[in-house]
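Q: Right, I'll just put the structure down here and ask away after.
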Amino acid sequence: MTLIGLCGPSGSGKTLVGSLFAMEGFIHIDCDKLVHSRVYKRPDVRAAVAAHFGEDILTEEGVDRKRLGAIVFADSQKLDELNDILREAITEEALAVAKESNSEYILLDAPTLFEAGMDKKCKVVIALIAPYNTCIERIMNRDGISREAAILRLSRQKDEDFLRKHCRYVLVNDGNIVGLTKKALQLAEQIKKETK
């Protein structure tokens with residue numbers, strides 16, 4: 001099993017790139033979705049989240065994402081606390097899904113790849129970057145939040161300089177979907193050859 005990391009700011013288009021890598025035989029594990037489908041359902045995580053952020057943050061399905069997001073993206077210490085709670089569980093669940101898939105190539109799509117230390121488990125890490133204002137617009141449209149909230153969210157994530165310095169490959173999503181598709185598919189093929 002070969003783990004390939006994919007990270008980048010919210011709104012950069014990681015889901016699209018994940019679907020393109022899936023066309024090349026990669027299993028795409030979206031860690032954001034994993035948090036809500038598996039991690040927030042774990043009793044240990046639910047207890048820790050309730051202890052830090054209050055019982056009323058919990059729902060039957062997991063957590064109230066908008067309320068929790070408003071808390072943690074407004075306060076970097078709270079975000080660090082949440083990441084500390086989730087880090088180990090995300091890694092465990094992502095690796096469990098990877099093993100269950102029985103696939104040779106796994107694309108681990110994790111916005112907090114470096115914060116969780118998952119970059120150390122990856123053979124290669126890819127950064128996906130996009131223009132700042134494009135990310136803001138996508139976050140607002142996708143999550144139904146204000147511009148200020150979207151800006152705050154991006155301010156709490158690794159910036160382009162960090163990603164360019166710490167990732168082996170960089171894909172740029174400048175809105176040219178045809179160009180991005182071609183580059184992503186070529187990179188998927190290249191990575192498969194390099195990691196054989």
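For the structure tokens, the naming scheme is as follows: chains receive sequential letters (A, B, ...) according to their order of presentation, residues are indexed from 1 within each chain, and ligands are indexed from 1 in presentation order.
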Report the closest atom pair, with its distance in Å rounded to one decimal, for each residue of range 44-135 of chain A that has an atom no farther than 12 Å from range 180-188 of chain A; count only C-alpha atoms, sort by chain and then rising residue number, and write it as a tab-separated table.
A:
residue	atom	partner	partner_atom	distance
A:Tyr105	CA	A:Ala188	CA	9.8
A:Ile106	CA	A:Ala188	CA	11.0
A:Leu107	CA	A:Ala188	CA	9.7
A:Val124	CA	A:Ala188	CA	11.1
A:Val125	CA	A:Leu187	CA	11.7
A:Ile126	CA	A:Leu187	CA	9.5
A:Ala127	CA	A:Ala184	CA	11.3
A:Leu128	CA	A:Ala184	CA	10.0
A:Ile129	CA	A:Leu180	CA	11.1
A:Ala130	CA	A:Leu180	CA	10.9
Q: Could you tell me, as a VMD selection string, which residues of range 36-165 of chain A DSSP assigns to helix (DSSP H, G or I) when given the backbone?
A: chain A and resid 36 to 37 39 to 41 43 to 53 55 to 57 65 to 72 76 to 101 118 to 121 132 to 143 147 to 155 160 to 165
Q: Save the residues we just selected, C-alpha atoms, as a short mmCIF file (atom, residue, chain, number, x, y, z; two decimals), in the first residue's frame?
A:
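Result file selection.cif:
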data_model
loop_
_atom_site.label_atom_id
_atom_site.label_comp_id
_atom_site.auth_asym_id
_atom_site.auth_seq_id
_atom_site.Cartn_x
_atom_site.Cartn_y
_atom_site.Cartn_z
CA HIS A 36 -17.96 13.41 9.91
CA SER A 37 -18.75 9.86 8.76
CA VAL A 39 -14.42 10.06 13.63
CA TYR A 40 -17.22 12.13 15.24
CA LYS A 41 -19.19 8.92 15.80
CA PRO A 43 -17.39 7.52 21.72
CA ASP A 44 -13.88 8.62 22.75
CA VAL A 45 -13.93 11.56 20.32
CA ARG A 46 -17.50 12.56 21.22
CA ALA A 47 -16.61 12.60 24.93
CA ALA A 48 -13.50 14.72 24.32
CA VAL A 49 -15.33 17.18 22.04
CA ALA A 50 -18.18 17.56 24.56
CA ALA A 51 -15.68 18.11 27.40
CA HIS A 52 -13.90 20.88 25.47
CA PHE A 53 -16.76 22.56 23.62
CA GLU A 55 -22.51 18.84 25.23
CA ASP A 56 -24.73 21.04 23.07
CA ILE A 57 -22.15 20.89 20.24
CA ARG A 65 -20.39 21.67 12.12
CA LYS A 66 -21.38 25.32 11.77
CA ARG A 67 -21.30 25.97 15.51
CA LEU A 68 -18.03 24.13 16.02
CA GLY A 69 -16.48 25.88 12.99
CA ALA A 70 -17.53 29.30 14.32
CA ILE A 71 -15.80 28.51 17.63
CA VAL A 72 -12.53 27.02 16.37
CA SER A 76 -6.50 29.50 17.16
CA GLN A 77 -6.12 27.92 20.62
CA LYS A 78 -9.55 26.26 20.28
CA LEU A 79 -8.59 25.04 16.80
CA ASP A 80 -5.38 23.55 18.22
CA GLU A 81 -7.44 21.83 20.95
CA LEU A 82 -9.79 20.35 18.36
CA ASN A 83 -6.87 19.18 16.20
CA ASP A 84 -5.30 17.56 19.28
CA ILE A 85 -8.55 15.68 19.95
CA LEU A 86 -8.97 14.55 16.32
CA ARG A 87 -5.37 13.90 15.23
CA GLU A 88 -4.94 10.30 16.38
CA ALA A 89 -8.50 9.25 15.51
CA ILE A 90 -8.27 10.67 11.97
CA THR A 91 -5.00 8.82 11.39
CA GLU A 92 -6.45 5.55 12.75
CA GLU A 93 -9.64 5.81 10.68
CA ALA A 94 -7.83 6.86 7.49
CA LEU A 95 -5.41 3.93 7.78
CA ALA A 96 -8.31 1.57 8.54
CA VAL A 97 -10.14 2.67 5.38
CA ALA A 98 -6.92 2.37 3.37
CA LYS A 99 -6.40 -1.21 4.59
CA GLU A 100 -10.06 -2.11 3.99
CA SER A 101 -9.74 -0.91 0.38
CA MET A 118 0.29 12.13 8.48
CA ASP A 119 2.80 13.54 5.99
CA LYS A 120 5.38 11.23 7.60
CA LYS A 121 3.31 8.19 6.58
CA TYR A 132 -6.92 33.34 -2.59
CA ASN A 133 -10.14 35.05 -3.71
CA THR A 134 -11.23 31.93 -5.61
CA CYS A 135 -10.88 29.89 -2.41
CA ILE A 136 -12.87 32.49 -0.47
CA GLU A 137 -15.72 32.41 -3.00
CA ARG A 138 -15.78 28.60 -3.09
CA ILE A 139 -15.86 28.33 0.72
CA MET A 140 -18.70 30.87 0.95
CA ASN A 141 -20.76 29.10 -1.72
CA ARG A 142 -20.04 25.57 -0.49
CA ASP A 143 -20.53 26.14 3.25
CA ARG A 147 -16.81 36.33 3.56
CA GLU A 148 -15.37 37.20 6.99
CA ALA A 149 -15.85 33.62 8.21
CA ALA A 150 -14.24 32.25 5.03
CA ILE A 151 -11.25 34.59 5.43
CA LEU A 152 -10.90 33.54 9.06
CA ARG A 153 -10.96 29.89 8.06
CA LEU A 154 -8.20 30.34 5.46
CA SER A 155 -6.10 32.30 7.93
CA GLU A 160 1.06 28.72 -0.15
CA ASP A 161 4.68 29.37 0.89
CA PHE A 162 4.58 26.55 3.44
CA LEU A 163 3.00 24.14 0.96
CA ARG A 164 5.48 24.94 -1.81
CA LYS A 165 8.36 24.40 0.62
#
Q: Using DSSP on the backbone coordinates, identify the residues of chain A assigned to strand (DSSP E); present them as a list in words.
A: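 DSSP on the backbone gives strand (DSSP E) at Thr2, Leu3, Ile4, Gly5, Leu6, Cys7, Ile27, His28, Ile29, Asp30, Tyr105, Ile106, Leu107, Leu108, Asp109, Val124, Val125, Ile126, Ala127, Leu128, Ile129, Tyr169, Val170, Leu171 and Val172 of chain A.
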Q: Taking N, CA and C atoms for each residue, export the selection above as a PDB file, in the first residue's frame.
A:
ATOM      1  N   THR A   2       0.644   2.142  -0.946  1.00  0.00           N
ATOM      2  CA  THR A   2       1.411   3.383  -1.060  1.00  0.00           C
ATOM      3  C   THR A   2       0.501   4.561  -0.743  1.00  0.00           C
ATOM      4  N   LEU A   3       0.847   5.303   0.314  1.00  0.00           N
ATOM      5  CA  LEU A   3       0.063   6.468   0.707  1.00  0.00           C
ATOM      6  C   LEU A   3       0.633   7.718   0.038  1.00  0.00           C
ATOM      7  N   ILE A   4      -0.241   8.466  -0.625  1.00  0.00           N
ATOM      8  CA  ILE A   4       0.121   9.731  -1.240  1.00  0.00           C
ATOM      9  C   ILE A   4      -0.716  10.810  -0.562  1.00  0.00           C
ATOM     10  N   GLY A   5      -0.062  11.842  -0.053  1.00  0.00           N
ATOM     11  CA  GLY A   5      -0.783  12.913   0.622  1.00  0.00           C
ATOM     12  C   GLY A   5      -1.222  13.997  -0.343  1.00  0.00           C
ATOM     13  N   LEU A   6      -2.405  14.547  -0.100  1.00  0.00           N
ATOM     14  CA  LEU A   6      -2.904  15.694  -0.858  1.00  0.00           C
ATOM     15  C   LEU A   6      -3.381  16.731   0.145  1.00  0.00           C
ATOM     16  N   CYS A   7      -2.778  17.914   0.083  1.00  0.00           N
ATOM     17  CA  CYS A   7      -3.222  18.963   0.999  1.00  0.00           C
ATOM     18  C   CYS A   7      -3.320  20.280   0.246  1.00  0.00           C
ATOM     19  N   ILE A  27      -7.391   5.042  -4.542  1.00  0.00           N
ATOM     20  CA  ILE A  27      -8.520   5.169  -3.632  1.00  0.00           C
ATOM     21  C   ILE A  27      -8.408   6.538  -2.987  1.00  0.00           C
ATOM     22  N   HIS A  28      -9.432   7.358  -3.153  1.00  0.00           N
ATOM     23  CA  HIS A  28      -9.423   8.728  -2.620  1.00  0.00           C
ATOM     24  C   HIS A  28     -10.083   8.726  -1.246  1.00  0.00           C
ATOM     25  N   ILE A  29      -9.287   9.010  -0.211  1.00  0.00           N
ATOM     26  CA  ILE A  29      -9.830   9.115   1.154  1.00  0.00           C
ATOM     27  C   ILE A  29      -9.889  10.596   1.516  1.00  0.00           C
ATOM     28  N   ASP A  30     -11.093  11.124   1.605  1.00  0.00           N
ATOM     29  CA  ASP A  30     -11.327  12.520   1.962  1.00  0.00           C
ATOM     30  C   ASP A  30     -11.434  12.591   3.487  1.00  0.00           C
ATOM     31  N   TYR A 105      -2.681   1.950  -4.267  1.00  0.00           N
ATOM     32  CA  TYR A 105      -2.451   3.393  -4.200  1.00  0.00           C
ATOM     33  C   TYR A 105      -3.591   4.105  -3.476  1.00  0.00           C
ATOM     34  N   ILE A 106      -3.224   4.849  -2.442  1.00  0.00           N
ATOM     35  CA  ILE A 106      -4.192   5.582  -1.633  1.00  0.00           C
ATOM     36  C   ILE A 106      -3.857   7.067  -1.701  1.00  0.00           C
ATOM     37  N   LEU A 107      -4.839   7.888  -2.072  1.00  0.00           N
ATOM     38  CA  LEU A 107      -4.667   9.344  -2.028  1.00  0.00           C
ATOM     39  C   LEU A 107      -5.350   9.850  -0.762  1.00  0.00           C
ATOM     40  N   LEU A 108      -4.541  10.313   0.162  1.00  0.00           N
ATOM     41  CA  LEU A 108      -5.018  10.785   1.456  1.00  0.00           C
ATOM     42  C   LEU A 108      -5.226  12.291   1.367  1.00  0.00           C
ATOM     43  N   ASP A 109      -6.471  12.700   1.203  1.00  0.00           N
ATOM     44  CA  ASP A 109      -6.845  14.104   1.035  1.00  0.00           C
ATOM     45  C   ASP A 109      -7.109  14.674   2.428  1.00  0.00           C
ATOM     46  N   VAL A 124       4.753  10.401  -0.876  1.00  0.00           N
ATOM     47  CA  VAL A 124       4.826  11.680  -1.588  1.00  0.00           C
ATOM     48  C   VAL A 124       3.699  12.566  -1.080  1.00  0.00           C
ATOM     49  N   VAL A 125       3.945  13.883  -1.023  1.00  0.00           N
ATOM     50  CA  VAL A 125       2.875  14.817  -0.668  1.00  0.00           C
ATOM     51  C   VAL A 125       2.710  15.828  -1.804  1.00  0.00           C
ATOM     52  N   ILE A 126       1.454  16.003  -2.204  1.00  0.00           N
ATOM     53  CA  ILE A 126       1.096  16.947  -3.274  1.00  0.00           C
ATOM     54  C   ILE A 126       0.370  18.129  -2.640  1.00  0.00           C
ATOM     55  N   ALA A 127       0.733  19.326  -3.051  1.00  0.00           N
ATOM     56  CA  ALA A 127      -0.004  20.525  -2.648  1.00  0.00           C
ATOM     57  C   ALA A 127      -0.904  20.956  -3.793  1.00  0.00           C
ATOM     58  N   LEU A 128      -2.122  21.337  -3.457  1.00  0.00           N
ATOM     59  CA  LEU A 128      -3.021  21.947  -4.437  1.00  0.00           C
ATOM     60  C   LEU A 128      -3.255  23.375  -3.988  1.00  0.00           C
ATOM     61  N   ILE A 129      -2.928  24.315  -4.838  1.00  0.00           N
ATOM     62  CA  ILE A 129      -3.134  25.718  -4.480  1.00  0.00           C
ATOM     63  C   ILE A 129      -4.052  26.370  -5.506  1.00  0.00           C
ATOM     64  N   TYR A 169       5.287  17.897  -4.913  1.00  0.00           N
ATOM     65  CA  TYR A 169       4.616  18.356  -6.128  1.00  0.00           C
ATOM     66  C   TYR A 169       3.604  19.442  -5.789  1.00  0.00           C
ATOM     67  N   VAL A 170       3.430  20.379  -6.721  1.00  0.00           N
ATOM     68  CA  VAL A 170       2.436  21.440  -6.555  1.00  0.00           C
ATOM     69  C   VAL A 170       1.567  21.479  -7.801  1.00  0.00           C
ATOM     70  N   LEU A 171       0.265  21.365  -7.607  1.00  0.00           N
ATOM     71  CA  LEU A 171      -0.714  21.560  -8.674  1.00  0.00           C
ATOM     72  C   LEU A 171      -1.386  22.902  -8.433  1.00  0.00           C
ATOM     73  N   VAL A 172      -1.611  23.652  -9.513  1.00  0.00           N
ATOM     74  CA  VAL A 172      -2.262  24.952  -9.394  1.00  0.00           C
ATOM     75  C   VAL A 172      -3.643  24.872 -10.043  1.00  0.00           C
TER      76      VAL A 172
END
Q: Interatomic distance between CA of Thr195 in chain A and CA of Ile177 in chain A?
A: 26.5 Å
Q: Just to confirm, what's the straight-line distance from CA of Glu189 in chain A to CA of Phe26 in chain A in Å (one decimal)?
A: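 Result for CA of Glu189 in chain A versus CA of Phe26 in chain A: 10.2 Å, one decimal.
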Q: Point out the residue among A:Cys167, A:Gly179, A:Arg156, A:Val63 with the least atom-to-atom distance to Asp75 in chain A, counting only C-alpha atoms.
A: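 Checking each of A:Cys167, A:Gly179, A:Arg156, A:Val63 against Asp75 in chain A, counting only C-alpha atoms, the winner is A:Arg156.
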Q: Mind pulling up the distance from CA of Glu24 in chain A to CA of Phe114 in chain A?
A: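 Separation of CA of Phe114 in chain A and CA of Glu24 in chain A: 24.9 Å.
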